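One file, work34.pdb, carrying PDB, N, CA and C atoms:
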```pdb
ATOM      1  N   MET A   1      11.145   9.550   5.126
ATOM      2  CA  MET A   1      10.012   9.484   6.021
ATOM      3  C   MET A   1      10.322  10.306   7.273
ATOM      4  N   ALA A   2       9.352  11.059   7.683
ATOM      5  CA  ALA A   2       9.566  12.005   8.758
ATOM      6  C   ALA A   2       9.574  11.360  10.144
ATOM      7  N   SER A   3       8.766  10.358  10.364
ATOM      8  CA  SER A   3       8.702   9.790  11.709
ATOM      9  C   SER A   3       8.997   8.297  11.681
ATOM     10  N   GLU A   4       9.419   7.803  12.824
ATOM     11  CA  GLU A   4       9.703   6.372  12.949
ATOM     12  C   GLU A   4       8.424   5.554  12.780
ATOM     13  N   ARG A   5       7.299   6.132  13.118
ATOM     14  CA  ARG A   5       5.999   5.465  12.971
ATOM     15  C   ARG A   5       5.735   5.097  11.512
ATOM     16  N   CYS A   6       6.274   5.883  10.586
ATOM     17  CA  CYS A   6       6.062   5.632   9.161
ATOM     18  C   CYS A   6       6.612   4.272   8.749
ATOM     19  N   ARG A   7       7.622   3.768   9.444
ATOM     20  CA  ARG A   7       8.192   2.458   9.121
ATOM     21  C   ARG A   7       7.149   1.357   9.262
ATOM     22  N   ASP A   8       6.132   1.565  10.096
ATOM     23  CA  ASP A   8       5.067   0.579  10.265
ATOM     24  C   ASP A   8       4.223   0.438   9.007
ATOM     25  N   TYR A   9       4.320   1.405   8.102
ATOM     26  CA  TYR A   9       3.509   1.416   6.900
ATOM     27  C   TYR A   9       4.317   1.041   5.657
ATOM     28  N   VAL A  10       5.435   0.369   5.880
ATOM     29  CA  VAL A  10       6.279  -0.109   4.792
ATOM     30  C   VAL A  10       6.222  -1.632   4.797
ATOM     31  N   VAL A  11       5.964  -2.208   3.624
ATOM     32  CA  VAL A  11       5.897  -3.656   3.478
ATOM     33  C   VAL A  11       7.096  -4.093   2.649
ATOM     34  N   LYS A  12       7.847  -5.025   3.166
ATOM     35  CA  LYS A  12       9.025  -5.528   2.463
ATOM     36  C   LYS A  12       8.622  -6.730   1.615
ATOM     37  N   VAL A  13       8.967  -6.653   0.331
ATOM     38  CA  VAL A  13       8.712  -7.740  -0.616
ATOM     39  C   VAL A  13      10.042  -7.999  -1.327
ATOM     40  N   GLY A  14      10.656  -9.139  -1.027
ATOM     41  CA  GLY A  14      11.980  -9.413  -1.574
ATOM     42  C   GLY A  14      12.950  -8.376  -1.041
ATOM     43  N   ASP A  15      13.641  -7.697  -1.939
ATOM     44  CA  ASP A  15      14.554  -6.642  -1.495
ATOM     45  C   ASP A  15      13.959  -5.248  -1.696
ATOM     46  N   ARG A  16      12.672  -5.184  -1.968
ATOM     47  CA  ARG A  16      11.967  -3.907  -2.125
ATOM     48  C   ARG A  16      11.192  -3.552  -0.868
ATOM     49  N   GLU A  17      11.063  -2.260  -0.651
ATOM     50  CA  GLU A  17      10.208  -1.755   0.424
ATOM     51  C   GLU A  17       9.127  -0.899  -0.219
ATOM     52  N   ILE A  18       7.866  -1.235   0.075
ATOM     53  CA  ILE A  18       6.739  -0.514  -0.514
ATOM     54  C   ILE A  18       5.998   0.221   0.598
ATOM     55  N   MET A  19       5.997   1.546   0.503
ATOM     56  CA  MET A  19       5.239   2.381   1.441
ATOM     57  C   MET A  19       3.773   2.304   1.044
ATOM     58  N   ILE A  20       2.911   2.113   2.021
ATOM     59  CA  ILE A  20       1.477   2.051   1.738
ATOM     60  C   ILE A  20       0.956   3.487   1.658
ATOM     61  N   THR A  21       1.065   4.034   0.475
ATOM     62  CA  THR A  21       0.592   5.391   0.200
ATOM     63  C   THR A  21      -0.885   5.326  -0.183
ATOM     64  N   PRO A  22      -1.548   6.464  -0.269
ATOM     65  CA  PRO A  22      -2.937   6.449  -0.730
ATOM     66  C   PRO A  22      -3.085   5.815  -2.112
ATOM     67  N   GLU A  23      -2.106   6.015  -2.999
ATOM     68  CA  GLU A  23      -2.175   5.426  -4.330
ATOM     69  C   GLU A  23      -2.066   3.904  -4.276
ATOM     70  N   VAL A  24      -1.200   3.398  -3.419
ATOM     71  CA  VAL A  24      -1.066   1.947  -3.240
ATOM     72  C   VAL A  24      -2.357   1.388  -2.648
ATOM     73  N   LEU A  25      -2.925   2.095  -1.679
ATOM     74  CA  LEU A  25      -4.176   1.646  -1.070
ATOM     75  C   LEU A  25      -5.311   1.643  -2.100
ATOM     76  N   GLU A  26      -5.336   2.615  -2.997
ATOM     77  CA  GLU A  26      -6.347   2.626  -4.063
ATOM     78  C   GLU A  26      -6.213   1.384  -4.941
ATOM     79  N   ALA A  27      -4.987   1.004  -5.271
ATOM     80  CA  ALA A  27      -4.764  -0.206  -6.079
ATOM     81  C   ALA A  27      -5.229  -1.443  -5.316
ATOM     82  N   LEU A  28      -4.976  -1.487  -4.013
ATOM     83  CA  LEU A  28      -5.441  -2.619  -3.195
ATOM     84  C   LEU A  28      -6.960  -2.683  -3.165
ATOM     85  N   HIS A  29      -7.610  -1.540  -3.011
ATOM     86  CA  HIS A  29      -9.076  -1.507  -3.011
ATOM     87  C   HIS A  29      -9.625  -1.990  -4.347
ATOM     88  N   GLU A  30      -8.984  -1.577  -5.427
ATOM     89  CA  GLU A  30      -9.422  -2.028  -6.745
ATOM     90  C   GLU A  30      -9.274  -3.549  -6.847
ATOM     91  N   TYR A  31      -8.174  -4.084  -6.343
ATOM     92  CA  TYR A  31      -7.947  -5.527  -6.368
ATOM     93  C   TYR A  31      -9.015  -6.267  -5.555
ATOM     94  N   ILE A  32      -9.369  -5.708  -4.407
ATOM     95  CA  ILE A  32     -10.341  -6.348  -3.519
ATOM     96  C   ILE A  32     -11.753  -6.323  -4.110
ATOM     97  N   HIS A  33     -12.135  -5.204  -4.710
ATOM     98  CA  HIS A  33     -13.533  -4.983  -5.100
ATOM     99  C   HIS A  33     -13.860  -5.246  -6.561
ATOM    100  N   ARG A  34     -12.857  -5.441  -7.401
ATOM    101  CA  ARG A  34     -13.105  -5.665  -8.829
ATOM    102  C   ARG A  34     -12.315  -6.875  -9.295
ATOM    103  N   PRO A  35     -12.756  -7.471 -10.382
ATOM    104  CA  PRO A  35     -11.962  -8.571 -10.920
ATOM    105  C   PRO A  35     -10.601  -8.044 -11.393
ATOM    106  N   MET A  36      -9.537  -8.503 -10.759
ATOM    107  CA  MET A  36      -8.193  -8.081 -11.132
ATOM    108  C   MET A  36      -7.248  -9.231 -10.829
ATOM    109  N   SER A  37      -6.392  -9.533 -11.760
ATOM    110  CA  SER A  37      -5.423 -10.608 -11.537
ATOM    111  C   SER A  37      -4.253 -10.081 -10.716
ATOM    112  N   LEU A  38      -3.512 -11.014 -10.145
ATOM    113  CA  LEU A  38      -2.303 -10.629  -9.420
ATOM    114  C   LEU A  38      -1.269 -10.021 -10.365
ATOM    115  N   GLU A  39      -1.271 -10.453 -11.622
ATOM    116  CA  GLU A  39      -0.356  -9.861 -12.602
ATOM    117  C   GLU A  39      -0.656  -8.373 -12.789
ATOM    118  N   GLU A  40      -1.943  -8.035 -12.892
ATOM    119  CA  GLU A  40      -2.329  -6.635 -13.056
ATOM    120  C   GLU A  40      -2.002  -5.829 -11.800
ATOM    121  N   LEU A  41      -2.252  -6.399 -10.636
ATOM    122  CA  LEU A  41      -1.904  -5.717  -9.393
ATOM    123  C   LEU A  41      -0.401  -5.479  -9.339
ATOM    124  N   ALA A  42       0.383  -6.466  -9.743
ATOM    125  CA  ALA A  42       1.845  -6.307  -9.749
ATOM    126  C   ALA A  42       2.244  -5.130 -10.637
ATOM    127  N   ARG A  43       1.632  -5.010 -11.805
ATOM    128  CA  ARG A  43       1.940  -3.884 -12.698
ATOM    129  C   ARG A  43       1.592  -2.554 -12.036
ATOM    130  N   LYS A  44       0.426  -2.486 -11.408
ATOM    131  CA  LYS A  44       0.001  -1.233 -10.763
ATOM    132  C   LYS A  44       0.928  -0.832  -9.618
ATOM    133  N   LEU A  45       1.500  -1.824  -8.946
ATOM    134  CA  LEU A  45       2.384  -1.549  -7.805
ATOM    135  C   LEU A  45       3.854  -1.440  -8.207
ATOM    136  N   GLY A  46       4.141  -1.670  -9.482
ATOM    137  CA  GLY A  46       5.524  -1.604  -9.946
ATOM    138  C   GLY A  46       6.344  -2.827  -9.560
ATOM    139  N   LEU A  47       5.662  -3.947  -9.345
ATOM    140  CA  LEU A  47       6.350  -5.189  -9.018
ATOM    141  C   LEU A  47       6.585  -5.978 -10.293
ATOM    142  N   GLU A  48       7.493  -6.943 -10.235
ATOM    143  CA  GLU A  48       7.866  -7.672 -11.441
ATOM    144  C   GLU A  48       7.015  -8.910 -11.707
ATOM    145  N   THR A  49       6.524  -9.571 -10.652
ATOM    146  CA  THR A  49       5.802 -10.827 -10.853
ATOM    147  C   THR A  49       4.544 -10.874  -9.997
ATOM    148  N   TRP A  50       3.645 -11.779 -10.370
ATOM    149  CA  TRP A  50       2.442 -11.969  -9.563
ATOM    150  C   TRP A  50       2.804 -12.520  -8.185
ATOM    151  N   GLU A  51       3.911 -13.266  -8.096
ATOM    152  CA  GLU A  51       4.329 -13.802  -6.800
ATOM    153  C   GLU A  51       4.662 -12.679  -5.818
ATOM    154  N   GLU A  52       5.301 -11.611  -6.321
ATOM    155  CA  GLU A  52       5.600 -10.460  -5.464
ATOM    156  C   GLU A  52       4.307  -9.784  -5.012
ATOM    157  N   ALA A  53       3.347  -9.678  -5.913
ATOM    158  CA  ALA A  53       2.046  -9.084  -5.550
ATOM    159  C   ALA A  53       1.367  -9.930  -4.482
ATOM    160  N   TYR A  54       1.456 -11.242  -4.631
ATOM    161  CA  TYR A  54       0.864 -12.154  -3.641
ATOM    162  C   TYR A  54       1.535 -11.983  -2.280
ATOM    163  N   GLU A  55       2.861 -11.905  -2.259
ATOM    164  CA  GLU A  55       3.585 -11.689  -0.994
ATOM    165  C   GLU A  55       3.189 -10.355  -0.368
ATOM    166  N   PHE A  56       3.030  -9.329  -1.205
ATOM    167  CA  PHE A  56       2.625  -8.016  -0.702
ATOM    168  C   PHE A  56       1.252  -8.093  -0.041
ATOM    169  N   ILE A  57       0.285  -8.719  -0.727
ATOM    170  CA  ILE A  57      -1.065  -8.866  -0.179
ATOM    171  C   ILE A  57      -1.032  -9.592   1.159
ATOM    172  N   LYS A  58      -0.223 -10.640   1.252
ATOM    173  CA  LYS A  58      -0.150 -11.406   2.501
ATOM    174  C   LYS A  58       0.418 -10.578   3.651
ATOM    175  N   ARG A  59       1.276  -9.620   3.351
ATOM    176  CA  ARG A  59       1.963  -8.859   4.407
ATOM    177  C   ARG A  59       1.273  -7.570   4.808
ATOM    178  N   VAL A  60       0.337  -7.097   3.990
ATOM    179  CA  VAL A  60      -0.374  -5.859   4.347
ATOM    180  C   VAL A  60      -1.368  -6.176   5.455
ATOM    181  N   PRO A  61      -1.302  -5.447   6.581
ATOM    182  CA  PRO A  61      -2.279  -5.691   7.648
ATOM    183  C   PRO A  61      -3.711  -5.466   7.151
ATOM    184  N   ALA A  62      -4.611  -6.359   7.518
ATOM    185  CA  ALA A  62      -5.998  -6.287   7.047
ATOM    186  C   ALA A  62      -6.658  -4.963   7.420
ATOM    187  N   TRP A  63      -6.365  -4.419   8.596
ATOM    188  CA  TRP A  63      -7.016  -3.174   9.001
ATOM    189  C   TRP A  63      -6.647  -2.030   8.063
ATOM    190  N   ILE A  64      -5.461  -2.075   7.482
ATOM    191  CA  ILE A  64      -5.071  -1.041   6.522
ATOM    192  C   ILE A  64      -5.802  -1.264   5.203
ATOM    193  N   MET A  65      -5.870  -2.511   4.777
ATOM    194  CA  MET A  65      -6.465  -2.831   3.486
ATOM    195  C   MET A  65      -7.920  -2.373   3.390
ATOM    196  N   TRP A  66      -8.636  -2.366   4.499
ATOM    197  CA  TRP A  66     -10.055  -2.012   4.478
ATOM    198  C   TRP A  66     -10.320  -0.563   4.873
ATOM    199  N   MET A  67      -9.269   0.199   5.163
ATOM    200  CA  MET A  67      -9.449   1.595   5.549
ATOM    201  C   MET A  67      -9.748   2.456   4.313
ATOM    202  N   PRO A  68     -10.717   3.371   4.419
ATOM    203  CA  PRO A  68     -10.980   4.278   3.300
ATOM    204  C   PRO A  68      -9.731   5.113   2.974
ATOM    205  N   VAL A  69      -9.511   5.361   1.702
ATOM    206  CA  VAL A  69      -8.309   6.064   1.251
ATOM    207  C   VAL A  69      -8.215   7.458   1.869
ATOM    208  N   THR A  70      -9.339   8.150   1.979
ATOM    209  CA  THR A  70      -9.335   9.503   2.552
ATOM    210  C   THR A  70      -8.844   9.485   3.995
ATOM    211  N   LEU A  71      -9.331   8.532   4.785
ATOM    212  CA  LEU A  71      -8.868   8.424   6.174
ATOM    213  C   LEU A  71      -7.397   8.035   6.235
ATOM    214  N   TRP A  72      -6.958   7.187   5.323
ATOM    215  CA  TRP A  72      -5.555   6.780   5.294
ATOM    216  C   TRP A  72      -4.662   7.985   4.997
ATOM    217  N   ARG A  73      -5.080   8.810   4.034
ATOM    218  CA  ARG A  73      -4.319  10.007   3.693
ATOM    219  C   ARG A  73      -4.209  10.929   4.917
ATOM    220  N   LEU A  74      -5.319  11.141   5.621
ATOM    221  CA  LEU A  74      -5.305  11.995   6.817
ATOM    222  C   LEU A  74      -4.386  11.428   7.893
ATOM    223  N   ARG A  75      -4.419  10.124   8.077
ATOM    224  CA  ARG A  75      -3.563   9.481   9.082
ATOM    225  C   ARG A  75      -2.086   9.688   8.740
ATOM    226  N   LEU A  76      -1.728   9.462   7.480
ATOM    227  CA  LEU A  76      -0.327   9.637   7.060
ATOM    228  C   LEU A  76       0.115  11.088   7.217
ATOM    229  N   GLU A  77      -0.759  12.023   6.875
ATOM    230  CA  GLU A  77      -0.431  13.431   7.039
ATOM    231  C   GLU A  77      -0.225  13.779   8.510
ATOM    232  N   LYS A  78      -1.124  13.305   9.369
ATOM    233  CA  LYS A  78      -1.043  13.590  10.801
ATOM    234  C   LYS A  78       0.249  13.030  11.412
ATOM    235  N   GLU A  79       0.659  11.856  10.951
ATOM    236  CA  GLU A  79       1.849  11.218  11.511
ATOM    237  C   GLU A  79       3.141  11.674  10.819
ATOM    238  N   GLY A  80       3.025  12.599   9.863
ATOM    239  CA  GLY A  80       4.201  13.136   9.208
ATOM    240  C   GLY A  80       4.794  12.236   8.142
ATOM    241  N   CYS A  81       4.022  11.298   7.651
ATOM    242  CA  CYS A  81       4.500  10.369   6.623
ATOM    243  C   CYS A  81       4.183  10.844   5.214
ATOM    244  N   LEU A  82       3.356  11.870   5.115
ATOM    245  CA  LEU A  82       2.908  12.362   3.814
ATOM    246  C   LEU A  82       2.706  13.859   3.943
ATOM    247  N   GLN A  83       3.146  14.586   2.942
ATOM    248  CA  GLN A  83       2.965  16.030   2.945
ATOM    249  C   GLN A  83       1.491  16.355   2.719
ATOM    250  N   PRO A  84       0.913  17.298   3.463
ATOM    251  CA  PRO A  84      -0.489  17.669   3.267
ATOM    252  C   PRO A  84      -0.743  18.060   1.812
ATOM    253  N   GLY A  85      -1.843  17.544   1.275
ATOM    254  CA  GLY A  85      -2.219  17.855  -0.094
ATOM    255  C   GLY A  85      -1.467  17.053  -1.152
ATOM    256  N   ALA A  86      -0.572  16.169  -0.714
ATOM    257  CA  ALA A  86       0.210  15.388  -1.695
ATOM    258  C   ALA A  86      -0.595  14.236  -2.253
TER
END
```

Give the structure from the file, written as structure tokens.
Amino acid sequence: MASERCRDYVVKVGDREIMITPEVLEALHEYIHRPMSLEELARKLGLETWEEAYEFIKRVPAWIMWMPVTLWRLRLEKEGCLQPGA
């Protein structure tokens, strides 16, 4: 990660650290807006159990969860957390 600010966008679940990338945010949006179990969300996020997915959901700040993916991508690029066009 290029900047210290990027650490604010990492959620710790157990001994894993998950960066809230545009792809992770897309999975969260799918979970919020469509019928999806925590087991399925865990698979999409590369977690082992639904409990880890539940802990992740609890720790993600709500303002991030509701941000459009396009704006999130621009924010990460601007702050040096994501390469432009990645």

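The shell of residues at most 12 Å from A:Gln83, with only C-alpha atoms counted and near chain neighbours (fewer than 4 positions) removed, consists of Met1, Ala2, Thr21, Pro22, Arg73, Leu74, Arg75, Leu76, Glu77, Lys78 and Glu79 of chain A.
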
Separation of atom C of A:Gly80 from atom N of A:Glu4 in Å: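 A separation of 7.9 Å between them.
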
Explicit residue set for the PyMOL selection byres ((chain A and resi 49-54) around 8), as a ChimeraX atom specification: /A:13-14,37-43,45-48,55-59

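Atom to atom, atom CA of A:Arg34 and atom CA of A:Leu82 stand 27.2 Å apart.
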
Resolved residues for the PyMOL selection byres (((chain A and resi 61 and name CA) around 12) and name CA) as a list in words: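 Checking the PyMOL selection byres (((chain A and resi 61 and name CA) around 12) and name CA) against this file, the residues are Asp8, Tyr9, Val10, Val11, Ile20, Leu25, Leu28, Phe56, Ile57, Lys58, Arg59, Val60, Ala62, Trp63, Ile64, Met65, Trp66 and Met67 of chain A.
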
Keeping N, CA and C atoms for every residue in the selection just given, could you write it to a file as a PDB file, keeping the file's coordinate frame?
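Wrote out_19.pdb, looks like this:
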```
ATOM      1  N   ASP A   8       6.132   1.565  10.096  1.00  0.00           N
ATOM      2  CA  ASP A   8       5.067   0.579  10.265  1.00  0.00           C
ATOM      3  C   ASP A   8       4.223   0.438   9.007  1.00  0.00           C
ATOM      4  N   TYR A   9       4.320   1.405   8.102  1.00  0.00           N
ATOM      5  CA  TYR A   9       3.509   1.416   6.900  1.00  0.00           C
ATOM      6  C   TYR A   9       4.317   1.041   5.657  1.00  0.00           C
ATOM      7  N   VAL A  10       5.435   0.369   5.880  1.00  0.00           N
ATOM      8  CA  VAL A  10       6.279  -0.109   4.792  1.00  0.00           C
ATOM      9  C   VAL A  10       6.222  -1.632   4.797  1.00  0.00           C
ATOM     10  N   VAL A  11       5.964  -2.208   3.624  1.00  0.00           N
ATOM     11  CA  VAL A  11       5.897  -3.656   3.478  1.00  0.00           C
ATOM     12  C   VAL A  11       7.096  -4.093   2.649  1.00  0.00           C
ATOM     13  N   ILE A  20       2.911   2.113   2.021  1.00  0.00           N
ATOM     14  CA  ILE A  20       1.477   2.051   1.738  1.00  0.00           C
ATOM     15  C   ILE A  20       0.956   3.487   1.658  1.00  0.00           C
ATOM     16  N   LEU A  25      -2.925   2.095  -1.679  1.00  0.00           N
ATOM     17  CA  LEU A  25      -4.176   1.646  -1.070  1.00  0.00           C
ATOM     18  C   LEU A  25      -5.311   1.643  -2.100  1.00  0.00           C
ATOM     19  N   LEU A  28      -4.976  -1.487  -4.013  1.00  0.00           N
ATOM     20  CA  LEU A  28      -5.441  -2.619  -3.195  1.00  0.00           C
ATOM     21  C   LEU A  28      -6.960  -2.683  -3.165  1.00  0.00           C
ATOM     22  N   PHE A  56       3.030  -9.329  -1.205  1.00  0.00           N
ATOM     23  CA  PHE A  56       2.625  -8.016  -0.702  1.00  0.00           C
ATOM     24  C   PHE A  56       1.252  -8.093  -0.041  1.00  0.00           C
ATOM     25  N   ILE A  57       0.285  -8.719  -0.727  1.00  0.00           N
ATOM     26  CA  ILE A  57      -1.065  -8.866  -0.179  1.00  0.00           C
ATOM     27  C   ILE A  57      -1.032  -9.592   1.159  1.00  0.00           C
ATOM     28  N   LYS A  58      -0.223 -10.640   1.252  1.00  0.00           N
ATOM     29  CA  LYS A  58      -0.150 -11.406   2.501  1.00  0.00           C
ATOM     30  C   LYS A  58       0.418 -10.578   3.651  1.00  0.00           C
ATOM     31  N   ARG A  59       1.276  -9.620   3.351  1.00  0.00           N
ATOM     32  CA  ARG A  59       1.963  -8.859   4.407  1.00  0.00           C
ATOM     33  C   ARG A  59       1.273  -7.570   4.808  1.00  0.00           C
ATOM     34  N   VAL A  60       0.337  -7.097   3.990  1.00  0.00           N
ATOM     35  CA  VAL A  60      -0.374  -5.859   4.347  1.00  0.00           C
ATOM     36  C   VAL A  60      -1.368  -6.176   5.455  1.00  0.00           C
ATOM     37  N   ALA A  62      -4.611  -6.359   7.518  1.00  0.00           N
ATOM     38  CA  ALA A  62      -5.998  -6.287   7.047  1.00  0.00           C
ATOM     39  C   ALA A  62      -6.658  -4.963   7.420  1.00  0.00           C
ATOM     40  N   TRP A  63      -6.365  -4.419   8.596  1.00  0.00           N
ATOM     41  CA  TRP A  63      -7.016  -3.174   9.001  1.00  0.00           C
ATOM     42  C   TRP A  63      -6.647  -2.030   8.063  1.00  0.00           C
ATOM     43  N   ILE A  64      -5.461  -2.075   7.482  1.00  0.00           N
ATOM     44  CA  ILE A  64      -5.071  -1.041   6.522  1.00  0.00           C
ATOM     45  C   ILE A  64      -5.802  -1.264   5.203  1.00  0.00           C
ATOM     46  N   MET A  65      -5.870  -2.511   4.777  1.00  0.00           N
ATOM     47  CA  MET A  65      -6.465  -2.831   3.486  1.00  0.00           C
ATOM     48  C   MET A  65      -7.920  -2.373   3.390  1.00  0.00           C
ATOM     49  N   TRP A  66      -8.636  -2.366   4.499  1.00  0.00           N
ATOM     50  CA  TRP A  66     -10.055  -2.012   4.478  1.00  0.00           C
ATOM     51  C   TRP A  66     -10.320  -0.563   4.873  1.00  0.00           C
ATOM     52  N   MET A  67      -9.269   0.199   5.163  1.00  0.00           N
ATOM     53  CA  MET A  67      -9.449   1.595   5.549  1.00  0.00           C
ATOM     54  C   MET A  67      -9.748   2.456   4.313  1.00  0.00           C
TER      55      MET A  67
END
```

Filtered DSSP result for chain A, state strand (DSSP E or B), as a list in words: Val10, Val11, Lys12, Val13, Arg16, Glu17, Ile18 and Met19 of chain A

Straight-line distance linking atom CA of A:Leu71 with atom CA of A:Asp15, stated in Å to one decimal: 28.9 Å
